[in-house]
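Chemist: Before anything else, here's the structure in question.
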Amino acid sequence: MTTTNTEELSEKKSLNFVEELVTADLAAGKNDGRLQTRFPPEPNGYLHIGHAKAICMDFGIAQKYGGVCNLRLDDTNPVKEDTEYVEAIKEDIQWLGFKWGNIYHASDYFQQLWDFAIRLIEEGKAYVDEQTSEEIAIQKGTPTQAGTPSPYRDRPIEENLELFKKMNSGEAEEGSMVLRAKIDMASPNMHFRDPIIYRIINKEHHRTGNKWKAYPMYDFAHGQSDYFEGVTHSICTLEFVPHRPLYDYFIDELKQGKDLADHRPRQIEFNRLNLTYTVMSKRKLLALVKEGLVNGWDDPRMPTLCGYRRRGYSPEAIRKFIDMIGYTKFDALNDFAMLEAAVREDLNQRATRVSAVLNPVKLIITNYPEGQTEELEAINNPENLSEGSHTIEFSRELWIEREDFMENAPKKYFRLTPGNEVRLKNAYIVKCTGCKKDENGNVCEVYCEYDPASKSGLPGADRKVKGTLHWLSCNHCLPAEVRLYDRLFSVENPSADERDFRELLNPDSLKVLTNCYVEKFLTTKHPLDYLQFQRIGYFTMDKDSTADHLIFNRTVGLKDTWSKINK
């Protein structure tokens with residue numbers, strides 16, 4: 001086998017099943033060798049990480065094979081849609097690193113869809129049904145029992161046309177009638193049992209105003225919109241598998257008598273992204289926001305892309321995670337820890353290292369000259385030395401983490417304890433000599449002595465000690481608020497739990513620490529900058545942060561502690 005053939009075989013093995021289908025279609029010359037996809041969100045909420053998987057597929061496959069992916073807003077339900085969501089969707093797609101070819105709206109095709117519906121009525125293939133939604137549902141039957149025809153199924157064509165026009169004129173009330181396609185009430189596919197294709201919604205549309213009162217259903221609008229736009233591959237999630245025959249049926253009816261073999265949009269389904277300790281339901285996410293259980297759509301505990309962005313996730317980390325889990329035809333529950341691992345791996349390469357003390361106790365170096373200050377060099381990113389360094393001040397009185405001192409420590413405790421030595425990062429080796437307690441018995445000061453010859457970087461100063469601590473000079477740091485975010489739900493699969501999802505919320509999903517200190521260097525940083533608080537975790541400055549009130553959000557810890565604690 002030649003080297004070229006080996007490389008081709010290797011590439012073929014690495015393709016996911018969607019890529020294999022697209023590659024085969026392109027090789028066969030279908031759709032005149034074009035590749036055109038679309039990402040079609042409904043603008044009724046903010047995008048979440050499940051949408052990110054679809055975005056990576058729709059845009060990524062077009063990018064990989066030299067095609068184009070368009071953004072189409074599925075705005076067929078004015079009750080739930082808003083321009084706020086439209087703008088947020090655009091922002092999230094761009095943040096993830098993708099660009100659309102064109103922006104379309106389902107509402108662009110309202111007239112064409114209306115005309116198509118009129119034609120179906122005129123051909124005896126659609127009728128107006130005045131039954132209630134409950135009556136229609138009962139008459140549809142079950143998967144093992146055929147449905148029963150509506151009493152309105154055979155009403156005259158002229159009467160159907162007149163009533164359909166009333167549905168859109170405002171003369172008919174919401175819920176009083178619907179338009180149904182006349183297909184087959186005995187079909188084994190429930191979606192073929194005279195599906196509803198139009199309903200009345202008497203609410204102003206954010207794009208078309210009050211022009212329309214009758215709005216197409218998703219199954220009626222989606223396939224035709226794909227065809228109008230020239231979509232070659234309509235890629236969606238597995239729940240649309242049973243909808244695919246209806247998708248094809250309406251396109252066949254739309255282009256009646258024309259050969260669609262090589263130009264029909266091909267629907268391909270993949271597994272959706274499910275994540276532990278997370279819900280993806282827009283209804284539930286909206287309830288969390290509306291009921292004040294979280295602080296808006298971009299609350300860093302939310303699975304929304306804007307929430308992850310505010311929390312400090314990078315778009316590269318999210319794309320890395322989606323590559324890790326891949327695309328299959330089988331639903332699975334992905335571990336949140338995998339997402340966090342992808343975030344750690346990515347941020348390790350890009351985060352600026354800084355010092356912060358979240359639970360401070362004072363450390364006094366008793367033999368260090370009072371009033372003396374040194375400026376020490378701190379590397380910004382050891383993974384990328386081209387990012388340079390910054391200075392951090394060192395003095396006699398420092399803040400250290402309270403957990404880094406223990407008066408009566410176990411044998412393998414390598415931090416500060418009386419008689420033990422540690423290195424203060426970028427500075428000196430110090431030896432603990434004791435502590436002072438307040439009236440409640442809590443340690444309020446820790447004492448130590450430093451070795452002047454042990455300064456980092458000095459010749460012969462490489463004496464080894466087992467512990468290294470981070471610190472801040474008391475007189476050269478700034479107070480800060482730190483928000484520690486964790487999983488929003490306390491159960492692994494809240495979507496499968498029969499209890500109200502509100503009862504499953506993790507009471508410890510947010511802890512706010514107000515007595516923290518950070519380097520002055522952090523005043524040069526901005527929201528969404530990637531930071532590593534040394535020995536603590538990855539953080540980012542929050543959008544609410546000001547010069548007078550610094551606020552930082554924990555992105556993820558340096559290690560996965562959740563799995564160990566919650567085994």
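Note on naming: chains are A, B, ... as they come in the structure tokens, residues start from 1 per chain, ligands start from 1 in the order shown.
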Would you mind listing what lies within 9 Å of A:Ile322 as a PyMOL selection string, with only C-alpha atoms counted and same-chain residues fewer than 2 positions away left out?
Modeler: chain A and resi 52-53+56+273+317-320+324-327+339
Chemist: Take the residues that were just selected and, keeping all heavy atoms, output them as a compact mmCIF listing (two decimals), in the first residue's frame.
Modeler:
```txt
# COMPACT_ATOMS: atom_id res chain seq x y z
N ALA A 52 -24.31 24.23 20.77
CA ALA A 52 -22.92 24.34 20.33
C ALA A 52 -22.50 23.11 19.53
O ALA A 52 -21.73 23.21 18.57
CB ALA A 52 -22.00 24.53 21.53
N LYS A 53 -23.01 21.96 19.92
CA LYS A 53 -22.68 20.73 19.18
C LYS A 53 -23.22 20.81 17.76
O LYS A 53 -22.53 20.46 16.79
CB LYS A 53 -23.24 19.51 19.91
CG LYS A 53 -22.85 18.19 19.25
CD LYS A 53 -23.30 16.98 20.06
CE LYS A 53 -22.83 15.69 19.40
NZ LYS A 53 -23.24 14.49 20.15
N CYS A 56 -21.14 23.38 15.76
CA CYS A 56 -19.86 22.82 15.33
C CYS A 56 -20.03 21.87 14.15
O CYS A 56 -19.17 21.80 13.27
CB CYS A 56 -19.18 22.10 16.50
SG CYS A 56 -18.54 23.22 17.77
N LEU A 273 -26.48 16.49 22.61
CA LEU A 273 -25.54 16.56 23.72
C LEU A 273 -26.33 16.60 25.03
O LEU A 273 -27.08 17.54 25.28
CB LEU A 273 -24.65 17.80 23.59
CG LEU A 273 -23.41 17.87 24.47
CD1 LEU A 273 -22.42 18.89 23.90
CD2 LEU A 273 -23.71 18.23 25.91
N ALA A 317 -12.11 25.61 24.16
CA ALA A 317 -12.35 24.51 25.10
C ALA A 317 -13.67 23.82 24.80
O ALA A 317 -13.76 22.58 24.88
CB ALA A 317 -12.35 25.05 26.53
N ILE A 318 -14.69 24.58 24.46
CA ILE A 318 -15.99 23.99 24.14
C ILE A 318 -15.89 23.16 22.86
O ILE A 318 -16.41 22.04 22.78
CB ILE A 318 -17.07 25.08 24.03
CG1 ILE A 318 -17.35 25.65 25.43
CG2 ILE A 318 -18.35 24.53 23.41
CD1 ILE A 318 -18.35 26.78 25.46
N ARG A 319 -15.20 23.69 21.86
CA ARG A 319 -15.02 22.92 20.62
C ARG A 319 -14.20 21.66 20.88
O ARG A 319 -14.47 20.60 20.31
CB ARG A 319 -14.35 23.79 19.55
CG ARG A 319 -15.18 25.00 19.12
CD ARG A 319 -14.76 25.51 17.76
NE ARG A 319 -13.34 25.81 17.69
CZ ARG A 319 -12.81 27.00 17.90
NH1 ARG A 319 -13.60 28.02 18.22
NH2 ARG A 319 -11.51 27.20 17.78
N LYS A 320 -13.21 21.75 21.75
CA LYS A 320 -12.39 20.58 22.11
C LYS A 320 -13.26 19.51 22.76
O LYS A 320 -13.16 18.31 22.45
CB LYS A 320 -11.27 21.01 23.05
CG LYS A 320 -10.31 19.88 23.44
CD LYS A 320 -9.36 20.33 24.55
CE LYS A 320 -8.42 21.40 24.08
NZ LYS A 320 -7.36 20.85 23.20
N MET A 324 -14.19 15.69 21.60
CA MET A 324 -13.94 14.54 22.47
C MET A 324 -15.13 13.58 22.48
O MET A 324 -14.96 12.36 22.42
CB MET A 324 -13.66 15.02 23.90
CG MET A 324 -12.30 15.66 24.10
SD MET A 324 -12.18 16.55 25.68
CE MET A 324 -12.50 15.24 26.86
N ILE A 325 -16.36 14.13 22.56
CA ILE A 325 -17.53 13.25 22.68
C ILE A 325 -18.00 12.73 21.33
O ILE A 325 -18.62 11.67 21.25
CB ILE A 325 -18.68 13.94 23.43
CG1 ILE A 325 -19.16 15.18 22.68
CG2 ILE A 325 -18.25 14.32 24.84
CD1 ILE A 325 -20.37 15.84 23.30
N GLY A 326 -17.74 13.47 20.25
CA GLY A 326 -18.04 13.00 18.91
C GLY A 326 -19.53 12.98 18.56
O GLY A 326 -20.39 13.43 19.32
N TYR A 327 -19.81 12.41 17.38
CA TYR A 327 -21.17 12.34 16.83
C TYR A 327 -21.51 10.88 16.54
O TYR A 327 -20.76 10.19 15.86
CB TYR A 327 -21.28 13.16 15.55
CG TYR A 327 -21.05 14.64 15.74
CD1 TYR A 327 -19.76 15.17 15.74
CD2 TYR A 327 -22.12 15.51 15.94
CE1 TYR A 327 -19.55 16.52 15.93
CE2 TYR A 327 -21.91 16.86 16.13
CZ TYR A 327 -20.62 17.36 16.12
OH TYR A 327 -20.42 18.71 16.31
N LEU A 339 -16.13 17.96 30.29
CA LEU A 339 -16.12 19.35 29.85
C LEU A 339 -15.08 20.14 30.64
O LEU A 339 -14.30 20.91 30.08
CB LEU A 339 -17.51 19.96 30.01
CG LEU A 339 -17.64 21.46 29.76
CD1 LEU A 339 -17.20 21.83 28.35
CD2 LEU A 339 -19.09 21.91 30.00
```
Chemist: Please identify all polymer residues within 12 Å of stretch 88-103 of chain A, counting only C-alpha atoms, omitting same-chain residues fewer than 5 positions from it, and present them as a PyMOL selection string.
Modeler: chain A and resi 36-49+51-63+66-74+82-83+108+229+297-298+304-310+313-320+322+528
Chemist: Got a sec: who's within 7 Å of stretch 142-147 of chain A, counting only C-alpha atoms, leaving out chain neighbours fewer than 4 positions off, as a list in words?
Modeler: Met185, Ala186, Pro188 and Met190 of chain A
Chemist: Can those selected residues be exported to a file as a PDB file, in the first residue's frame so that it contains N, CA and C atoms?
Modeler:
```
ATOM      1  N   MET A 185     -54.642   8.528   7.841  1.00  0.00           N
ATOM      2  CA  MET A 185     -54.939   8.352   9.264  1.00  0.00           C
ATOM      3  C   MET A 185     -54.621   6.949   9.762  1.00  0.00           C
ATOM      4  N   ALA A 186     -54.220   6.060   8.866  1.00  0.00           N
ATOM      5  CA  ALA A 186     -53.850   4.704   9.287  1.00  0.00           C
ATOM      6  C   ALA A 186     -52.349   4.457   9.156  1.00  0.00           C
ATOM      7  N   PRO A 188     -48.529   3.902   9.792  1.00  0.00           N
ATOM      8  CA  PRO A 188     -47.777   3.482  10.982  1.00  0.00           C
ATOM      9  C   PRO A 188     -46.915   4.613  11.542  1.00  0.00           C
ATOM     10  N   MET A 190     -46.930   8.040  12.957  1.00  0.00           N
ATOM     11  CA  MET A 190     -47.943   8.927  13.549  1.00  0.00           C
ATOM     12  C   MET A 190     -47.914  10.333  12.955  1.00  0.00           C
TER      13      MET A 190
END
```
Chemist: Using DSSP on the backbone coordinates, identify all residues within stretch 333-478 of chain A classified as helix (DSSP H, G or I); present the result as a VMD selection string.
Modeler: chain A and resid 336 to 350 385 to 387 402 to 404 452 to 454 474 to 476
Chemist: Within 12 Å of stretch 198-222 of chain A, which residues of stretch 251-349 of chain A come that close, and what is the closest atom pair and distance in Å for each? Count only C-alpha atoms and give it as a Markdown table.
Modeler:
```
| residue | atom | partner | partner_atom | distance |
| --- | --- | --- | --- | --- |
| A:Ile251 | CA | A:Phe220 | CA | 9.3 |
| A:Glu253 | CA | A:Phe220 | CA | 11.2 |
| A:Leu254 | CA | A:Phe220 | CA | 10.6 |
| A:Pro265 | CA | A:His222 | CA | 11.0 |
| A:Gln267 | CA | A:His222 | CA | 11.0 |
```
Chemist: Once you have the residues from the selection above, write them out as a PDB file, in the first residue's frame, restricted to all heavy atoms.
Modeler:
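Writing the result to part-v1.pdb gives the following:
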```
ATOM      1  N   ILE A 251     -41.709  18.222   0.643  1.00  0.00           N
ATOM      2  CA  ILE A 251     -40.867  18.706  -0.455  1.00  0.00           C
ATOM      3  C   ILE A 251     -41.323  18.087  -1.771  1.00  0.00           C
ATOM      4  O   ILE A 251     -41.372  18.760  -2.810  1.00  0.00           O
ATOM      5  CB  ILE A 251     -39.377  18.394  -0.179  1.00  0.00           C
ATOM      6  CG1 ILE A 251     -38.896  19.229   1.014  1.00  0.00           C
ATOM      7  CG2 ILE A 251     -38.518  18.693  -1.410  1.00  0.00           C
ATOM      8  CD1 ILE A 251     -37.464  18.948   1.434  1.00  0.00           C
ATOM      9  N   GLU A 253     -44.373  17.238  -2.510  1.00  0.00           N
ATOM     10  CA  GLU A 253     -45.606  17.932  -2.876  1.00  0.00           C
ATOM     11  C   GLU A 253     -45.311  19.341  -3.389  1.00  0.00           C
ATOM     12  O   GLU A 253     -45.952  19.822  -4.324  1.00  0.00           O
ATOM     13  CB  GLU A 253     -46.552  18.004  -1.675  1.00  0.00           C
ATOM     14  CG  GLU A 253     -47.163  16.671  -1.283  1.00  0.00           C
ATOM     15  CD  GLU A 253     -48.074  16.114  -2.371  1.00  0.00           C
ATOM     16  OE1 GLU A 253     -48.717  16.916  -3.089  1.00  0.00           O
ATOM     17  OE2 GLU A 253     -48.138  14.874  -2.511  1.00  0.00           O
ATOM     18  N   LEU A 254     -44.330  19.974  -2.761  1.00  0.00           N
ATOM     19  CA  LEU A 254     -43.975  21.338  -3.167  1.00  0.00           C
ATOM     20  C   LEU A 254     -43.468  21.356  -4.603  1.00  0.00           C
ATOM     21  O   LEU A 254     -43.846  22.226  -5.397  1.00  0.00           O
ATOM     22  CB  LEU A 254     -42.899  21.890  -2.222  1.00  0.00           C
ATOM     23  CG  LEU A 254     -42.345  23.281  -2.548  1.00  0.00           C
ATOM     24  CD1 LEU A 254     -43.418  24.344  -2.319  1.00  0.00           C
ATOM     25  CD2 LEU A 254     -41.126  23.587  -1.686  1.00  0.00           C
ATOM     26  N   PRO A 265     -32.886  18.171  -0.372  1.00  0.00           N
ATOM     27  CA  PRO A 265     -32.085  18.291   0.856  1.00  0.00           C
ATOM     28  C   PRO A 265     -32.084  16.953   1.592  1.00  0.00           C
ATOM     29  O   PRO A 265     -33.122  16.324   1.748  1.00  0.00           O
ATOM     30  CB  PRO A 265     -32.825  19.366   1.655  1.00  0.00           C
ATOM     31  CG  PRO A 265     -33.628  20.121   0.653  1.00  0.00           C
ATOM     32  CD  PRO A 265     -33.995  19.123  -0.405  1.00  0.00           C
ATOM     33  N   GLN A 267     -31.757  14.932   4.908  1.00  0.00           N
ATOM     34  CA  GLN A 267     -31.774  15.077   6.362  1.00  0.00           C
ATOM     35  C   GLN A 267     -30.933  13.972   6.992  1.00  0.00           C
ATOM     36  O   GLN A 267     -31.109  12.799   6.706  1.00  0.00           O
ATOM     37  CB  GLN A 267     -33.207  15.012   6.894  1.00  0.00           C
ATOM     38  CG  GLN A 267     -33.290  15.163   8.411  1.00  0.00           C
ATOM     39  CD  GLN A 267     -34.711  15.291   8.927  1.00  0.00           C
ATOM     40  OE1 GLN A 267     -35.470  16.144   8.472  1.00  0.00           O
ATOM     41  NE2 GLN A 267     -35.081  14.439   9.876  1.00  0.00           N
TER      42      GLN A 267
END
```
Chemist: Could you tell me which of A:Thr148, A:Asn168, A:Ser456, A:Ser495 comes closest to A:Glu135 if we count only C-alpha atoms?
Modeler: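 Distance minimum relative to A:Glu135 lands on A:Thr148.
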Chemist: I'd like the interatomic distance between atom CA of A:Arg487 and atom CA of A:Gly292, to a tenth of an Å.
Modeler: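 Interatomic distance here is 17.1 Å.
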Chemist: Do you know which residues are at most 7 Å from stretch 240-248 of chain A counting only C-alpha atoms, after dropping those on the same chain fewer than 3 positions away, and could you put them as an NGL selection string?
Modeler: :A and (191-192 or 219 or 223 or 236-237 or 251-252 or 267 or 269)
Chemist: Tell me, in Å to one decimal, how far atom CA of A:Ala496 is from atom CA of A:Ser281.
Modeler: 11.8 Å
Chemist: Excluding A:Lys329 and any residue of its chain fewer than 5 positions from it, enumerate the residues within 10 Å of it, using only C-alpha atoms, and give them as JSON, numbers by chain.
Modeler: {"A": [17, 18, 237, 238, 268, 269, 270, 271, 272]}
Chemist: Go ahead and save the residues from that selection, with N, CA, C and O atoms, as a PDB file, in the first residue's frame.
Modeler:
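Output contents, as saved in again.pdb:
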```pdb
ATOM      1  N   PHE A  17     -19.739   9.652  10.993  1.00  0.00           N
ATOM      2  CA  PHE A  17     -20.672   9.097  10.002  1.00  0.00           C
ATOM      3  C   PHE A  17     -21.322  10.182   9.148  1.00  0.00           C
ATOM      4  O   PHE A  17     -21.645   9.947   7.978  1.00  0.00           O
ATOM      5  N   VAL A  18     -21.490  11.387   9.694  1.00  0.00           N
ATOM      6  CA  VAL A  18     -22.061  12.479   8.902  1.00  0.00           C
ATOM      7  C   VAL A  18     -21.084  12.873   7.804  1.00  0.00           C
ATOM      8  O   VAL A  18     -21.477  13.070   6.639  1.00  0.00           O
ATOM      9  N   THR A 237     -30.926  16.613  15.083  1.00  0.00           N
ATOM     10  CA  THR A 237     -30.742  15.616  16.138  1.00  0.00           C
ATOM     11  C   THR A 237     -31.725  14.449  15.994  1.00  0.00           C
ATOM     12  O   THR A 237     -32.686  14.509  15.237  1.00  0.00           O
ATOM     13  N   LEU A 238     -31.461  13.394  16.773  1.00  0.00           N
ATOM     14  CA  LEU A 238     -32.131  12.111  16.564  1.00  0.00           C
ATOM     15  C   LEU A 238     -33.642  12.147  16.702  1.00  0.00           C
ATOM     16  O   LEU A 238     -34.338  11.324  16.109  1.00  0.00           O
ATOM     17  N   ILE A 268     -30.000  14.385   7.882  1.00  0.00           N
ATOM     18  CA  ILE A 268     -29.132  13.455   8.605  1.00  0.00           C
ATOM     19  C   ILE A 268     -29.247  13.756  10.086  1.00  0.00           C
ATOM     20  O   ILE A 268     -29.200  14.931  10.484  1.00  0.00           O
ATOM     21  N   GLU A 269     -29.409  12.713  10.901  1.00  0.00           N
ATOM     22  CA  GLU A 269     -29.624  12.919  12.334  1.00  0.00           C
ATOM     23  C   GLU A 269     -28.443  12.382  13.149  1.00  0.00           C
ATOM     24  O   GLU A 269     -27.910  11.322  12.845  1.00  0.00           O
ATOM     25  N   PHE A 270     -28.072  13.126  14.194  1.00  0.00           N
ATOM     26  CA  PHE A 270     -27.012  12.696  15.112  1.00  0.00           C
ATOM     27  C   PHE A 270     -27.509  12.843  16.545  1.00  0.00           C
ATOM     28  O   PHE A 270     -28.531  13.485  16.805  1.00  0.00           O
ATOM     29  N   ASN A 271     -26.749  12.281  17.475  1.00  0.00           N
ATOM     30  CA  ASN A 271     -27.174  12.309  18.877  1.00  0.00           C
ATOM     31  C   ASN A 271     -26.995  13.700  19.473  1.00  0.00           C
ATOM     32  O   ASN A 271     -26.010  14.384  19.207  1.00  0.00           O
ATOM     33  N   ARG A 272     -27.936  14.101  20.299  1.00  0.00           N
ATOM     34  CA  ARG A 272     -27.855  15.404  20.945  1.00  0.00           C
ATOM     35  C   ARG A 272     -26.892  15.338  22.130  1.00  0.00           C
ATOM     36  O   ARG A 272     -26.534  14.256  22.599  1.00  0.00           O
TER      37      ARG A 272
END
```
Chemist: Tell me which of A:Val556, A:His549, A:Glu498, A:Leu488 sits closest to A:Leu293, counting only C-alpha atoms.
Modeler: A:Leu488
Chemist: Which residues are near A:Thr546? Cut-off 12 Å, only C-alpha atoms, ignore same chain within fewer than 6 positions. Put them as a compact mmCIF listing (two decimals) with N, CA and C atoms, in the first residue's frame.
Modeler:
```
# COMPACT_ATOMS: atom_id res chain seq x y z
N PRO A 479 -8.41 44.38 47.70
CA PRO A 479 -9.51 43.50 48.10
C PRO A 479 -10.34 43.10 46.88
N ALA A 480 -10.97 41.95 46.97
CA ALA A 480 -11.78 41.47 45.84
C ALA A 480 -12.88 40.55 46.34
N GLU A 481 -13.92 40.46 45.53
CA GLU A 481 -14.98 39.48 45.74
C GLU A 481 -14.73 38.33 44.78
N LEU A 522 -3.87 42.87 38.54
CA LEU A 522 -5.16 42.49 37.97
C LEU A 522 -6.02 43.69 37.57
N THR A 523 -5.64 44.89 37.98
CA THR A 523 -6.37 46.08 37.51
C THR A 523 -6.13 46.32 36.03
N THR A 524 -5.14 45.65 35.45
CA THR A 524 -4.87 45.78 34.01
C THR A 524 -5.67 44.77 33.19
N LYS A 525 -6.39 43.88 33.88
CA LYS A 525 -7.14 42.84 33.19
C LYS A 525 -8.59 43.27 32.95
N HIS A 526 -9.27 42.50 32.10
CA HIS A 526 -10.64 42.84 31.71
C HIS A 526 -11.52 41.60 31.81
N PRO A 527 -12.84 41.81 31.87
CA PRO A 527 -13.75 40.65 31.83
C PRO A 527 -13.45 39.76 30.63
N PHE A 552 -14.31 38.39 40.68
CA PHE A 552 -13.78 37.32 39.85
C PHE A 552 -14.64 36.07 39.97
```
